[in-house]
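Novice: The file below is entry-v3.json, JSON, C-alpha atoms:
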```json
[["chain", "number", "residue", "atom", "x", "y", "z"],
["A", 21, "MET", "CA", 146.35, 139.71, 21.15],
["A", 22, "GLU", "CA", 149.56, 137.74, 20.77],
["A", 23, "SER", "CA", 149.23, 134.24, 19.41],
["A", 24, "GLN", "CA", 150.58, 132.72, 22.64],
["A", 25, "GLU", "CA", 148.00, 134.62, 24.72],
["A", 26, "LEU", "CA", 145.27, 133.54, 22.33],
["A", 27, "LYS", "CA", 146.35, 129.90, 22.65],
["A", 28, "GLN", "CA", 146.32, 130.23, 26.44],
["A", 29, "LYS", "CA", 142.76, 131.61, 26.43],
["A", 30, "GLN", "CA", 141.62, 128.90, 24.03],
["A", 31, "SER", "CA", 143.15, 126.22, 26.23],
["A", 32, "GLN", "CA", 141.35, 127.67, 29.27],
["A", 33, "ILE", "CA", 138.05, 127.54, 27.41],
["A", 34, "ALA", "CA", 138.80, 123.97, 26.28],
["A", 35, "LEU", "CA", 139.64, 123.01, 29.88],
["A", 36, "THR", "CA", 136.35, 124.41, 31.19],
["A", 37, "PHE", "CA", 134.50, 122.70, 28.34],
["A", 38, "TRP", "CA", 136.12, 119.39, 29.36],
["A", 39, "LEU", "CA", 135.36, 120.06, 33.04],
["A", 40, "GLY", "CA", 131.74, 120.76, 32.09],
["A", 41, "ILE", "CA", 131.55, 117.40, 30.32],
["A", 42, "ALA", "CA", 133.12, 115.75, 33.37],
["A", 43, "CYS", "CA", 130.44, 117.38, 35.56],
["A", 44, "GLY", "CA", 127.66, 116.04, 33.32],
["A", 45, "MET", "CA", 126.95, 119.22, 31.35],
["A", 46, "HIS", "CA", 125.95, 118.88, 27.73],
["A", 47, "ALA", "CA", 126.71, 122.30, 26.27],
["A", 48, "SER", "CA", 128.28, 122.92, 22.90],
["A", 49, "PHE", "CA", 131.74, 124.40, 22.62],
["A", 50, "GLY", "CA", 130.14, 127.50, 21.09],
["A", 51, "VAL", "CA", 128.16, 128.09, 24.28],
["A", 52, "TRP", "CA", 131.41, 127.94, 26.25],
["A", 53, "LEU", "CA", 133.04, 130.34, 23.76],
["A", 54, "PHE", "CA", 130.21, 132.75, 24.50],
["A", 55, "ALA", "CA", 129.85, 132.34, 28.26],
["A", 56, "TRP", "CA", 133.34, 131.76, 29.62],
["A", 57, "PRO", "CA", 135.02, 135.00, 28.41],
["A", 58, "LEU", "CA", 132.09, 137.06, 29.66],
["A", 59, "ALA", "CA", 132.20, 135.32, 33.03],
["A", 60, "LYS", "CA", 135.96, 135.98, 33.25],
["A", 61, "ILE", "CA", 135.35, 139.67, 32.54],
["A", 62, "SER", "CA", 132.75, 139.78, 35.31],
["A", 63, "ALA", "CA", 135.43, 138.57, 37.75],
["A", 64, "LEU", "CA", 137.12, 141.96, 37.32],
["A", 65, "LEU", "CA", 134.45, 143.51, 39.53],
["A", 66, "PRO", "CA", 136.10, 144.20, 42.89],
["A", 67, "LEU", "CA", 133.55, 142.28, 44.96],
["A", 68, "THR", "CA", 135.47, 139.24, 46.13],
["A", 69, "GLN", "CA", 139.07, 138.09, 46.40],
["A", 70, "GLY", "CA", 140.18, 137.05, 42.92],
["A", 71, "GLY", "CA", 136.62, 137.19, 41.60],
["A", 72, "ILE", "CA", 135.78, 133.82, 43.13],
["A", 73, "GLY", "CA", 132.02, 133.46, 43.26],
["A", 74, "VAL", "CA", 131.36, 136.41, 40.96],
["A", 75, "ARG", "CA", 132.72, 134.52, 37.96],
["A", 76, "GLU", "CA", 130.71, 131.42, 38.83],
["A", 77, "ALA", "CA", 127.50, 133.41, 39.37],
["A", 78, "ALA", "CA", 127.96, 135.12, 36.02],
["A", 79, "LEU", "CA", 128.69, 131.77, 34.37],
["A", 80, "VAL", "CA", 125.50, 130.30, 35.84],
["A", 81, "GLY", "CA", 123.53, 133.32, 34.64],
["A", 82, "LEU", "CA", 124.95, 132.98, 31.14],
["A", 83, "MET", "CA", 124.52, 129.21, 30.86],
["A", 84, "VAL", "CA", 121.01, 128.77, 32.33],
["A", 85, "PRO", "CA", 119.30, 130.23, 29.21],
["A", 86, "PHE", "CA", 120.93, 127.43, 27.22],
["A", 87, "GLY", "CA", 119.30, 124.82, 29.48],
["A", 88, "ILE", "CA", 122.38, 124.02, 31.53],
["A", 89, "PRO", "CA", 121.69, 123.37, 35.25],
["A", 90, "GLY", "CA", 123.15, 126.06, 37.50],
["A", 91, "ALA", "CA", 124.66, 123.63, 40.00],
["A", 92, "LEU", "CA", 126.67, 121.85, 37.31],
["A", 93, "THR", "CA", 127.82, 125.15, 35.85],
["A", 94, "ALA", "CA", 128.97, 126.42, 39.24],
["A", 95, "ALA", "CA", 130.74, 123.11, 39.90],
["A", 96, "ALA", "CA", 132.66, 123.35, 36.61],
["A", 97, "GLY", "CA", 133.65, 126.95, 37.37],
["A", 98, "LEU", "CA", 134.84, 126.10, 40.86],
["A", 99, "MET", "CA", 136.77, 123.08, 39.58],
["A", 100, "PHE", "CA", 138.53, 125.34, 37.08],
["A", 101, "GLU", "CA", 139.43, 127.74, 39.88],
["A", 102, "ALA", "CA", 140.74, 124.87, 42.02],
["A", 103, "ILE", "CA", 142.89, 123.52, 39.18],
["A", 104, "SER", "CA", 144.29, 126.99, 38.46],
["A", 105, "THR", "CA", 145.06, 127.63, 42.13],
["A", 106, "ILE", "CA", 146.67, 124.23, 42.71],
["A", 107, "GLY", "CA", 148.77, 124.61, 39.56],
["A", 108, "SER", "CA", 149.94, 128.04, 40.68],
["A", 109, "LEU", "CA", 150.78, 126.77, 44.16],
["A", 110, "LEU", "CA", 152.79, 123.86, 42.75],
["A", 111, "GLY", "CA", 154.66, 126.22, 40.44],
["A", 112, "GLY", "CA", 155.38, 128.55, 43.36],
["A", 113, "ILE", "CA", 156.69, 125.69, 45.48],
["A", 114, "VAL", "CA", 158.98, 124.53, 42.67],
["A", 115, "ALA", "CA", 160.25, 128.09, 42.15],
["A", 116, "PHE", "CA", 160.88, 128.45, 45.88],
["A", 117, "VAL", "CA", 162.77, 125.17, 46.13],
["A", 118, "VAL", "CA", 164.83, 125.84, 43.00],
["A", 119, "GLY", "CA", 165.61, 129.34, 44.24],
["A", 120, "ARG", "CA", 167.00, 127.92, 47.49],
["A", 121, "ILE", "CA", 169.45, 125.60, 45.75],
["A", 122, "PRO", "CA", 172.86, 127.26, 45.98],
["A", 123, "ALA", "CA", 174.41, 128.18, 42.70],
["A", 124, "THR", "CA", 177.56, 126.33, 41.76],
["A", 125, "ARG", "CA", 180.67, 128.31, 42.51],
["A", 126, "THR", "CA", 182.53, 129.31, 39.44],
["A", 127, "SER", "CA", 185.69, 131.28, 39.18],
["A", 128, "SER", "CA", 185.19, 134.68, 37.66],
["A", 129, "PHE", "CA", 188.81, 134.63, 36.53],
["A", 130, "PRO", "CA", 190.29, 131.74, 34.53],
["A", 131, "HIS", "CA", 193.10, 129.67, 35.99],
["A", 132, "LEU", "CA", 196.27, 131.01, 34.39],
["A", 133, "PRO", "CA", 199.54, 130.03, 36.11],
["A", 134, "ALA", "CA", 201.32, 133.10, 34.74],
["A", 135, "PHE", "CA", 199.00, 135.32, 36.78],
["A", 136, "GLU", "CA", 199.29, 133.46, 40.08],
["A", 137, "ASN", "CA", 201.54, 134.67, 42.85],
["A", 138, "ASN", "CA", 200.90, 133.09, 46.26],
["A", 139, "GLY", "CA", 197.18, 133.00, 45.59],
["A", 140, "ASP", "CA", 197.20, 136.62, 44.50],
["A", 141, "ARG", "CA", 195.80, 137.19, 41.04],
["A", 142, "THR", "CA", 198.29, 139.89, 40.09],
["A", 143, "PRO", "CA", 200.78, 139.22, 37.30],
["A", 144, "LEU", "CA", 204.25, 138.06, 38.20],
["A", 145, "LYS", "CA", 207.06, 140.61, 37.83]]
```
In structure tokens, write the structure found in this file.
Specialist:
Amino acid sequence: MESQELKQKQSQIALTFWLGIACGMHASFGVWLFAWPLAKISALLPLTQGGIGVREAALVGLMVPFGIPGALTAAAGLMFEAISTIGSLLGGIVAFVVGRIPATRTSSFPHLPAFENNGDRTPLK
């Protein structure tokens, strides 16, 4: 795995860890390192759109043996999904708006008086 991809995955795990703390979960970072990647893999099952619900169910199943309440685990997973979706939507809106801004007109040929003849870009004879 590339180092940038690895950093992205680590930041996703750190985000879910922080969301878990915000939801009132008291699980160690090691538990998240175990459960979150496995839950993400479970989302690959073609059962729901984007794996929503499957990932959270798997996360609950993986976290309950560590004494974490299922409702809090599902809430943290759904909050992560909401943050990811909202971030993607905002990025898409920005890309759409920037794509609609007309590009500045530039001349493909430099202004050289020796080549101008009544607006025609052919050399003077």
Novice: Identify, on the basis of all atoms listed in the file, every residue whose closest approach to Ala96 in chain A does not exceed 8 Å; exclude the query and any residue fewer than 4 positions from it along the same chain; express the result as a list in words.
Specialist: Thr36, Leu39, Gly40, Cys43, Leu92 and Phe100 of chain A
Novice: Could those residues be written to a file, using C-alpha atoms, as an mmCIF file, in the coordinates of the input?
Specialist:
```cif
data_model
loop_
_atom_site.group_PDB
_atom_site.id
_atom_site.type_symbol
_atom_site.label_atom_id
_atom_site.label_comp_id
_atom_site.auth_asym_id
_atom_site.auth_seq_id
_atom_site.Cartn_x
_atom_site.Cartn_y
_atom_site.Cartn_z
ATOM 1 C CA THR A 36 136.350 124.410 31.190
ATOM 2 C CA LEU A 39 135.360 120.060 33.040
ATOM 3 C CA GLY A 40 131.740 120.760 32.090
ATOM 4 C CA CYS A 43 130.440 117.380 35.560
ATOM 5 C CA LEU A 92 126.670 121.850 37.310
ATOM 6 C CA PHE A 100 138.530 125.340 37.080
#
```
Novice: Give as a PyMOL selection string the set of residues within 10 Å of the point (131.1, 129.0, 25.4), where distances use the file's coordinates and all atoms listed in the file.
Specialist: chain A and resi 33-34+36-37+47-59+79+82-83
Novice: Please determine an axis-aligned box that encloses all atoms of range 106-113 of chain A listed in the file, with 5 Å added on each side, and express its centre and edge lengths in Å to one decimal as lines of an AutoDock Vina configuration file.
Specialist:
```
center_x = 151.7
center_y = 126.2
center_z = 42.5
size_x = 20.0
size_y = 14.7
size_z = 15.9
```
Novice: Pick from A:Ala77, A:Leu35, A:Val114, A:Ile103: nearest to Ala91 in chain A, with all atoms listed in the file counted?
Specialist: A:Ala77
Novice: Any idea what's packed within 9 Å of range 65-74 of chain A, counting all atoms listed in the file, ignoring anything in its chain fewer than 4 positions away? Could you give it as a list in words?
Specialist: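 Result of the neighbour search: Ala59, Lys60, Ile61, Ala78, Leu79, Ala94, Gly97, Leu98 and Glu101 of chain A.
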Novice: For CA of Pro85 in chain A and CA of Met45 in chain A, determine how far apart the two atoms are, in Å to one decimal place.
Specialist: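 Taking CA of Pro85 in chain A as the start and CA of Met45 in chain A as the end point, the length is 13.6 Å.
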Novice: Take CA of Val80 in chain A and CA of Ala95 in chain A and report the distance between them in Å, one decimal.
Specialist: 9.8 Å
